[in-house]
>>> print(open('run18.txt').read())   # compact mmCIF, C-alpha atoms and all ligand atoms
# COMPACT_ATOMS: atom_id res chain seq x y z
CA MET A 1 14.90 -10.00 -30.11
CA LYS A 2 16.94 -11.66 -32.83
CA LEU A 3 16.61 -9.70 -36.07
CA ASP A 4 17.71 -11.30 -39.33
CA GLN A 5 20.89 -9.45 -40.35
CA ASN A 6 20.35 -9.99 -44.11
CA ALA A 7 16.83 -8.57 -43.87
CA LEU A 8 18.17 -5.59 -41.87
CA ASN A 9 20.87 -4.92 -44.49
CA ASP A 10 18.29 -5.09 -47.30
CA ILE A 11 15.89 -2.79 -45.44
CA GLY A 12 18.68 -0.32 -44.67
CA ALA A 13 19.62 -0.24 -48.36
CA ILE A 14 16.03 0.19 -49.51
CA ILE A 15 15.47 3.05 -47.03
CA ASN A 16 18.70 4.76 -48.14
CA GLN A 17 17.80 4.82 -51.82
CA SER A 18 14.09 5.52 -51.35
CA ARG A 19 12.73 9.05 -51.85
CA ARG A 20 9.04 8.30 -52.05
CA PRO A 21 8.04 5.30 -49.89
CA LEU A 22 4.49 4.07 -49.37
CA ILE A 23 3.29 2.54 -46.11
CA ILE A 24 0.31 0.16 -46.18
CA PRO A 25 -1.36 -0.74 -42.87
CA HIS A 26 -3.60 -3.82 -42.98
CA ARG A 27 -7.35 -3.45 -43.49
CA THR A 28 -9.66 -2.74 -40.53
CA PRO A 29 -6.48 -1.23 -39.06
CA ASP A 30 -5.70 -1.82 -35.39
CA GLY A 31 -3.34 0.05 -33.05
CA ASP A 32 -0.37 -2.09 -34.01
CA THR A 33 -0.52 -1.70 -37.79
CA LEU A 34 -1.38 2.04 -37.48
CA GLY A 35 1.26 2.66 -34.82
CA ALA A 36 3.89 0.94 -36.96
CA ALA A 37 2.75 2.76 -40.12
CA LEU A 38 2.70 6.21 -38.52
CA GLY A 39 5.95 5.60 -36.63
CA LEU A 40 7.57 4.69 -39.96
CA TYR A 41 5.91 7.71 -41.58
CA GLN A 42 7.46 10.03 -38.99
CA VAL A 43 11.01 8.63 -39.17
CA LEU A 44 10.97 8.54 -42.99
CA LYS A 45 9.81 12.15 -43.03
CA ASN A 46 12.55 13.04 -40.54
CA LEU A 47 15.04 11.45 -42.97
CA GLY A 48 13.92 13.93 -45.64
CA LYS A 49 11.77 11.54 -47.66
CA ALA A 50 8.20 12.04 -48.88
CA PRO A 51 6.32 9.08 -47.35
CA GLU A 52 2.62 8.35 -47.85
CA VAL A 53 0.21 6.06 -46.01
CA ILE A 54 -2.69 4.37 -47.82
CA CYS A 55 -5.11 1.97 -46.12
CA PHE A 56 -7.98 -0.10 -47.53
CA ASP A 57 -10.24 0.96 -44.61
CA LYS A 58 -10.66 4.13 -42.60
CA PRO A 59 -9.04 4.04 -39.13
CA ALA A 60 -11.49 3.95 -36.20
CA ASP A 61 -12.13 7.18 -34.28
CA ILE A 62 -10.25 5.97 -31.18
CA PHE A 63 -6.98 6.40 -33.11
CA GLU A 64 -7.57 10.12 -33.71
CA PHE A 65 -4.93 10.95 -31.07
CA LEU A 66 -2.11 9.31 -33.06
CA PRO A 67 0.39 11.83 -34.46
CA ASN A 68 -0.17 12.26 -38.24
CA ILE A 69 -3.33 10.09 -38.31
CA ASN A 70 -4.78 12.64 -40.77
CA ARG A 71 -2.06 11.54 -43.23
CA VAL A 72 -3.69 8.12 -43.63
CA LYS A 73 -5.47 8.12 -46.99
CA VAL A 74 -8.19 5.61 -47.68
CA GLY A 75 -8.12 4.09 -51.14
CA SER A 76 -6.20 2.04 -53.63
CA PRO A 77 -2.53 2.93 -54.31
CA GLN A 78 -0.74 3.47 -57.62
CA LEU A 79 2.33 1.26 -57.73
CA ASP A 80 4.79 4.01 -58.68
CA TYR A 81 6.54 4.30 -55.30
CA ASP A 82 10.16 3.26 -54.79
CA ALA A 83 9.55 1.32 -51.54
CA TYR A 84 6.56 -0.26 -49.76
CA PHE A 85 6.34 -0.96 -46.05
CA ILE A 86 3.64 -3.43 -44.98
CA PRO A 87 3.54 -3.78 -41.18
CA ASP A 88 1.53 -6.36 -39.18
CA ALA A 89 -0.12 -8.12 -42.16
CA GLY A 90 0.11 -11.87 -41.40
CA ALA A 91 -1.30 -12.73 -44.84
CA THR A 92 -1.42 -10.84 -48.14
CA HIS A 93 -5.24 -10.70 -48.22
CA LEU A 94 -5.21 -8.71 -44.96
CA THR A 95 -3.96 -5.68 -46.91
CA GLY A 96 -7.14 -5.71 -49.02
CA PHE A 97 -4.94 -5.40 -52.12
CA HIS A 98 -3.98 -9.02 -52.84
CA GLU A 99 -6.33 -9.30 -55.81
CA THR A 100 -6.08 -5.77 -57.21
CA HIS A 101 -2.30 -5.37 -56.67
CA PRO A 102 -0.67 -8.84 -57.00
CA GLN A 103 2.65 -7.14 -57.92
CA LEU A 104 2.96 -6.13 -54.26
CA PHE A 105 3.44 -9.77 -53.37
CA ASP A 106 5.48 -11.25 -56.24
CA LYS A 107 8.79 -9.75 -55.00
CA SER A 108 9.13 -7.51 -58.08
CA LEU A 109 8.82 -4.36 -55.93
CA ASN A 110 10.81 -3.14 -52.90
CA VAL A 111 8.29 -4.50 -50.42
CA ILE A 112 9.32 -4.62 -46.75
CA ASN A 113 7.23 -7.09 -44.77
CA ILE A 114 7.43 -6.44 -41.00
CA ASP A 115 5.33 -8.84 -38.98
CA HIS A 116 4.92 -11.06 -35.92
CA HIS A 117 2.23 -13.52 -37.08
CA PRO A 118 3.22 -17.20 -37.46
CA SER A 119 0.98 -17.33 -40.56
CA ASN A 120 3.26 -14.91 -42.48
CA ASN A 121 4.54 -16.44 -45.73
CA TYR A 122 7.43 -13.98 -46.37
CA TYR A 123 5.74 -12.20 -49.26
CA GLY A 124 8.14 -9.23 -49.21
CA LYS A 125 11.43 -8.60 -50.97
CA ALA A 126 12.78 -8.03 -47.45
CA ASN A 127 11.07 -9.89 -44.59
CA LEU A 128 11.47 -8.98 -40.94
CA VAL A 129 9.20 -11.59 -39.38
CA VAL A 130 9.69 -12.28 -35.66
CA THR A 131 6.94 -14.51 -34.30
CA SER A 132 8.17 -14.16 -30.71
CA ALA A 133 7.66 -10.38 -30.83
CA ALA A 134 4.60 -9.01 -29.01
CA SER A 135 3.77 -6.67 -31.88
CA ALA A 136 4.91 -5.37 -35.24
CA THR A 137 5.66 -2.05 -33.50
CA ALA A 138 8.11 -3.84 -31.16
CA ILE A 139 9.94 -5.16 -34.25
CA VAL A 140 9.92 -1.69 -35.87
CA THR A 141 11.43 -0.23 -32.66
CA GLU A 142 14.28 -2.75 -32.69
CA MET A 143 14.73 -2.35 -36.44
CA LEU A 144 15.10 1.45 -36.16
CA GLU A 145 17.55 1.03 -33.28
CA ALA A 146 19.59 -1.53 -35.24
CA LEU A 147 19.68 0.82 -38.26
CA SER A 148 20.60 3.80 -36.00
CA ILE A 149 17.54 5.74 -37.16
CA PRO A 150 16.55 8.21 -34.41
CA ILE A 151 13.15 7.70 -32.71
CA ASP A 152 11.57 11.04 -31.78
CA ARG A 153 8.66 11.71 -29.43
CA ASN A 154 5.89 11.29 -32.06
CA THR A 155 7.40 8.07 -33.34
CA ALA A 156 7.73 6.74 -29.80
CA THR A 157 4.04 7.45 -29.09
CA CYS A 158 2.99 5.65 -32.30
CA LEU A 159 5.18 2.63 -31.61
CA LEU A 160 4.16 2.35 -27.96
CA THR A 161 0.49 2.47 -29.02
CA GLY A 162 0.96 -0.74 -31.01
CA ILE A 163 2.68 -2.51 -28.14
CA TYR A 164 0.00 -1.26 -25.75
CA THR A 165 -2.92 -2.47 -27.87
CA ASP A 166 -1.43 -5.82 -28.99
CA THR A 167 -0.56 -6.74 -25.38
CA GLY A 168 -4.00 -5.59 -24.11
CA SER A 169 -2.28 -2.90 -22.03
CA PHE A 170 0.53 -5.26 -20.97
CA GLN A 171 -1.84 -7.95 -19.72
CA HIS A 172 -1.69 -10.65 -22.40
CA ALA A 173 0.69 -13.61 -22.43
CA ASN A 174 2.83 -11.96 -25.12
CA THR A 175 4.03 -9.35 -22.57
CA SER A 176 7.61 -10.52 -21.95
CA ALA A 177 10.49 -8.87 -20.13
CA GLU A 178 11.74 -7.87 -23.57
CA THR A 179 8.38 -6.28 -24.45
CA LEU A 180 8.55 -4.17 -21.30
CA ARG A 181 12.17 -3.18 -21.98
CA ILE A 182 11.21 -2.02 -25.48
CA ALA A 183 8.24 -0.11 -24.03
CA ALA A 184 10.56 1.43 -21.42
CA ARG A 185 12.92 2.69 -24.12
CA LEU A 186 9.98 4.27 -25.98
CA LEU A 187 8.80 5.94 -22.75
CA ALA A 188 12.32 7.27 -22.22
CA ARG A 189 12.12 8.82 -25.71
CA GLY A 190 8.98 10.71 -24.74
CA ALA A 191 6.10 8.38 -25.66
CA ASP A 192 2.89 9.66 -24.09
CA LEU A 193 1.54 6.57 -22.28
CA ARG A 194 -1.11 8.48 -20.34
CA HIS A 195 -2.58 9.86 -23.52
CA ILE A 196 -2.49 6.43 -25.17
CA SER A 197 -4.26 4.65 -22.31
CA LYS A 198 -6.88 7.36 -21.95
CA SER A 199 -7.63 7.40 -25.68
CA ILE A 200 -7.72 3.64 -26.16
CA PHE A 201 -9.12 2.19 -22.96
CA ASN A 202 -10.93 4.95 -21.12
CA THR A 203 -12.98 6.27 -24.01
CA THR A 204 -16.12 4.32 -24.89
CA LYS A 205 -18.91 5.59 -27.14
CA ILE A 206 -22.55 4.93 -26.22
CA SER A 207 -23.03 2.81 -29.36
CA THR A 208 -20.06 0.69 -28.22
CA MET A 209 -21.51 0.26 -24.74
CA HIS A 210 -24.85 -0.79 -26.22
CA LEU A 211 -23.10 -3.31 -28.47
CA TRP A 212 -21.09 -4.70 -25.56
CA GLY A 213 -24.37 -4.98 -23.63
CA ARG A 214 -25.67 -7.31 -26.36
CA VAL A 215 -22.44 -9.31 -26.33
CA LEU A 216 -22.41 -9.68 -22.56
CA LYS A 217 -26.09 -10.64 -22.46
CA SER A 218 -25.50 -13.43 -24.98
CA ILE A 219 -22.70 -15.14 -23.02
CA TYR A 220 -23.07 -18.82 -22.17
CA GLN A 221 -20.73 -21.67 -21.36
CA THR A 222 -20.85 -25.07 -23.08
CA PRO A 223 -20.45 -28.31 -21.08
CA GLU A 224 -16.88 -28.40 -22.51
CA LYS A 225 -16.17 -25.10 -20.71
CA VAL A 226 -16.05 -23.03 -23.87
CA THR A 227 -17.45 -19.55 -23.23
CA MET A 228 -19.48 -18.34 -26.18
CA ALA A 229 -20.97 -15.00 -27.15
CA VAL A 230 -22.87 -14.09 -30.27
CA VAL A 231 -23.43 -10.80 -32.12
CA THR A 232 -25.75 -10.67 -35.10
CA GLU A 233 -25.82 -8.17 -37.93
CA GLN A 234 -29.08 -6.91 -36.41
CA ASP A 235 -27.28 -6.16 -33.11
CA PHE A 236 -24.83 -3.88 -34.95
CA LYS A 237 -27.74 -2.13 -36.69
CA ASP A 238 -29.82 -1.74 -33.51
CA CYS A 239 -26.87 -0.24 -31.62
CA GLY A 240 -25.68 1.95 -34.48
CA ALA A 241 -22.28 0.34 -34.01
CA VAL A 242 -19.62 -0.63 -36.55
CA TYR A 243 -17.54 -3.78 -36.50
CA ASP A 244 -14.46 -2.22 -34.85
CA GLU A 245 -16.49 -1.36 -31.78
CA LEU A 246 -16.45 -5.03 -30.82
CA ASN A 247 -12.73 -4.75 -29.94
CA GLY A 248 -12.36 -5.19 -26.19
CA ALA A 249 -15.61 -7.08 -25.62
CA VAL A 250 -13.76 -10.34 -26.22
CA ASP A 251 -11.66 -9.71 -23.11
CA TYR A 252 -14.80 -9.61 -20.97
CA VAL A 253 -16.05 -12.84 -22.52
CA ASN A 254 -12.65 -14.38 -21.83
CA SER A 255 -12.78 -13.41 -18.14
CA VAL A 256 -15.47 -15.96 -17.18
CA PRO A 257 -13.95 -18.23 -14.48
CA GLY A 258 -13.14 -21.84 -15.47
CA SER A 259 -13.24 -21.03 -19.16
CA LYS A 260 -11.06 -23.22 -21.41
CA TYR A 261 -11.26 -20.66 -24.14
CA SER A 262 -13.75 -18.11 -25.41
CA VAL A 263 -15.34 -17.51 -28.78
CA ILE A 264 -17.27 -14.51 -30.07
CA LEU A 265 -19.26 -15.28 -33.22
CA THR A 266 -20.20 -12.28 -35.34
CA GLU A 267 -22.20 -11.98 -38.49
CA ARG A 268 -21.18 -9.66 -41.32
CA ALA A 269 -22.29 -9.65 -44.97
CA GLY A 270 -23.06 -13.36 -45.30
CA LYS A 271 -20.04 -14.43 -43.29
CA VAL A 272 -19.61 -15.57 -39.71
CA LYS A 273 -16.42 -14.55 -37.99
CA GLY A 274 -15.08 -16.29 -34.88
CA SER A 275 -12.66 -14.56 -32.48
CA LEU A 276 -10.95 -16.96 -30.08
CA ARG A 277 -9.06 -16.13 -26.90
CA THR A 278 -7.67 -18.15 -24.04
CA LEU A 279 -5.88 -17.49 -20.78
CA LYS A 280 -4.90 -21.16 -20.38
CA ASP A 281 -1.27 -22.12 -21.00
CA GLU A 282 -2.16 -25.55 -22.41
CA VAL A 283 -4.76 -24.34 -24.94
CA ASP A 284 -3.67 -23.31 -28.46
CA VAL A 285 -6.54 -21.38 -30.06
CA ALA A 286 -4.60 -20.97 -33.34
CA GLN A 287 -4.95 -24.76 -33.77
CA ILE A 288 -8.68 -24.61 -33.01
CA ALA A 289 -9.14 -21.73 -35.48
CA ALA A 290 -7.20 -23.75 -38.10
CA ASN A 291 -9.98 -26.40 -37.97
CA TYR A 292 -12.22 -23.71 -39.47
CA GLY A 293 -9.67 -22.46 -41.99
CA GLY A 294 -8.40 -19.65 -39.76
CA GLY A 295 -5.27 -18.98 -37.75
CA GLY A 296 -3.46 -16.51 -35.53
CA HIS A 297 -1.53 -16.65 -32.28
CA THR A 298 -1.68 -19.42 -29.64
CA LYS A 299 -3.62 -17.18 -27.22
CA ALA A 300 -5.62 -15.11 -29.76
CA ALA A 301 -6.86 -16.35 -33.11
CA GLY A 302 -9.78 -16.18 -35.52
CA PHE A 303 -11.57 -17.67 -38.50
CA THR A 304 -14.21 -16.70 -41.06
CA VAL A 305 -16.78 -19.06 -42.60
CA THR A 306 -19.63 -18.41 -45.02
CA GLY A 307 -23.08 -18.47 -43.42
CA LYS A 308 -25.28 -16.75 -40.90
CA LEU A 309 -26.22 -17.17 -37.26
CA GLU A 310 -29.46 -18.77 -36.30
CA LYS A 311 -30.83 -18.94 -32.80
CA GLU A 312 -31.55 -22.39 -31.41
CA ILE A 313 -33.93 -22.53 -28.46
CA LYS A 314 -34.04 -25.74 -26.48
CA TRP A 315 -37.18 -26.78 -24.59
CA LYS A 316 -37.55 -29.44 -21.97
CA VAL A 317 -40.41 -30.74 -19.86
CA VAL A 318 -40.19 -30.17 -16.09
CA GLU A 319 -42.50 -31.49 -13.38
MN MN A 401 0.00 -6.94 -34.38
>>> encode(input="run18.txt", output="structure tokens")
Amino acid sequence: MKLDQNALNDIGAIINQSRRPLIIPHRTPDGDTLGAALGLYQVLKNLGKAPEVICFDKPADIFEFLPNINRVKVGSPQLDYDAYFIPDAGATHLTGFHETHPQLFDKSLNVINIDHHPSNNYYGKANLVVTSAASATAIVTEMLEALSIPIDRNTATCLLTGIYTDTGSFQHANTSAETLRIAARLLARGADLRHISKSIFNTTKISTMHLWGRVLKSIYQTPEKVTMAVVTEQDFKDCGAVYDELNGAVDYVNSVPGSKYSVILTERAGKVKGSLRTLKDEVDVAQIAANYGGGGHTKAAGFTVTGKLEKEIKWKVVE
């Protein structure tokens, strides 16, 4: 992975002079942003600093195994820290603080933007954006190595969690030889892969299973070979499930044979969200999502539009 040397120098300098850094994972935090945030938390603490982690949303229960997860505070930060790490936020609004805390994004503060999304607009004072990286945690790993900051066992578990979740347990197209080499180095430093895989992929709540049942039942394929699934607000209510519990269902929808790409449409508070995935080399779902004002990666993208879902039943006459 090619890391920008100027960005590395700036980040090294900011870390050196910082005593009280804040780490901000993106909202509805996933394994990558949390793994990066808590990995950074651990190394900064090991360096004798007093780091804090503040997130717009509460982390989902499946991340309870992550070292120091109880350090993640939910709320709105004061801007009196001397450094700010924002990992895995491909756009400023994904932090949840773009309107309330515009100073975070006008380069007046020591903001370190570490990300792998092509949509990233370099909003930080220092920007470590590597779009070829499988995850923000992979970039953090290489950054710490380049800065000669030791990675201990807890940090390794946090960082490997992000690589594990963003690659769909090393199954997605972003799993390169480099990704596996980075994962191997984290394993060598004591990362607990068994614990990660058990916590993330072999633990499913009943409400989640019920929700996935609704998703799977709704699957259909269009004549253009687009596999669709739909989840309404009522489905979430009926199952007692929250939005995060949808994670993972999209991979089932994407596994239908002959599918060009797959879309899950979900309804939430007057908005319809589309999650797009594809296993086809020649299909770029980021481009398709862009038609609806969204974006993302070539193999995994999304969009949000205002509206609600309405069922359309087609009738025909048969002899
Ligand atoms: Mn990520």
>>> closest_atom_pairs(input="run18.txt", of="chain A", to="ligand MN 401 (chain A)", cutoff="6 Å", atoms="all atoms listed in the file", output="Markdown table")
| residue | atom | partner | partner_atom | distance |
| --- | --- | --- | --- | --- |
| A:Asp32 | CA | A:MN401 | MN | 4.9 |
| A:Asp88 | CA | A:MN401 | MN | 5.1 |
| A:Ser135 | CA | A:MN401 | MN | 4.5 |
| A:Ala136 | CA | A:MN401 | MN | 5.2 |
| A:Asp166 | CA | A:MN401 | MN | 5.7 |
>>> residues_around(input="run18.txt", residues="A:Ala7", least_positions_apart="5", cutoff="8 Å", atoms="all atoms listed in the file", output="list in words")
Ala126, Asn127 and Leu128 of chain A
>>> closest_residue(input="run18.txt", among="A:Ser255, A:Ser197, A:Gln78, A:Thr157", to="A:Ser169", atoms="all atoms listed in the file")
A:Ser197
>>> atom_distance(input="run18.txt", atom1="atom CA of A:Thr227", atom2="atom CA of A:Thr165")
22.9 Å
>>> closest_residue(input="run18.txt", among="A:Asp244, A:Glu319, A:Glu267, A:Asp82", to="A:Asp30", atoms="only C-alpha atoms")
A:Asp244
>>> residues_around(input="run18.txt", residues="A:Lys217", least_positions_apart="4", cutoff="9 Å", atoms="all atoms listed in the file", output="VMD selection string")
chain A and resid 212 to 213 229
>>> closest_residue(input="run18.txt", among="A:Leu109, A:Val43, A:Leu147, A:Leu159", to="A:Gly31", atoms="all atoms listed in the file")
A:Leu159
>>> closest_atom_pairs(input="run18.txt", of="stretch 2-91 of chain A", to="stretch 171-193 of chain A", cutoff="12 Å", atoms="only C-alpha atoms", output="tab-separated table")
residue	atom	partner	partner_atom	distance
A:Lys2	CA	A:Glu178	CA	11.3
A:Gly35	CA	A:Ala191	CA	11.8
A:Gly39	CA	A:Ala191	CA	11.3
A:Phe65	CA	A:Asp192	CA	10.6
A:Leu66	CA	A:Asp192	CA	10.3
A:Pro67	CA	A:Asp192	CA	10.9
>>> residues_around(input="run18.txt", residues="A:Ala83", least_positions_apart="5", cutoff="12 Å", atoms="all atoms listed in the file", output="count of residues only")
32
>>> closest_residue(input="run18.txt", among="A:Asn254, A:Thr208, A:Ser218, A:Thr306", to="A:Val230", atoms="only C-alpha atoms")
A:Ser218
>>> atom_distance(input="run18.txt", atom1="atom CA of A:Pro77", atom2="atom CA of A:Ala60")
20.2 Å
>>> closest_residue(input="run18.txt", among="A:Ala134, A:Ile114, A:Ile219, A:Ile86", to="A:Arg27", atoms="all atoms listed in the file")
A:Ile86
>>> residues_around(input="run18.txt", residues="A:Val305", least_positions_apart="4", cutoff="7 Å", atoms="only C-alpha atoms", output="PyMOL selection string")
chain A and resi 271-273
>>> residues_around(input="run18.txt", residues="A:Ala290", least_positions_apart="6", cutoff="10 Å", atoms="only C-alpha atoms", output="list in words")
Gly296, Ala301, Gly302 and Phe303 of chain A
>>> atom_distance(input="run18.txt", atom1="atom CA of A:Ile139", atom2="atom CA of A:Leu38")
14.1 Å
>>> closest_residue(input="run18.txt", among="A:His93, A:Val140, A:Gln103, A:Asp251", to="A:Thr155", atoms="only C-alpha atoms")
A:Val140
>>> residues_near_point(input="run18.txt", point="(-22.5, 1.4, -32.6)", cutoff="7 Å", atoms="only C-alpha atoms", output="number ranges by chain")
A: 207-208, 211, 236, 239-242, 245
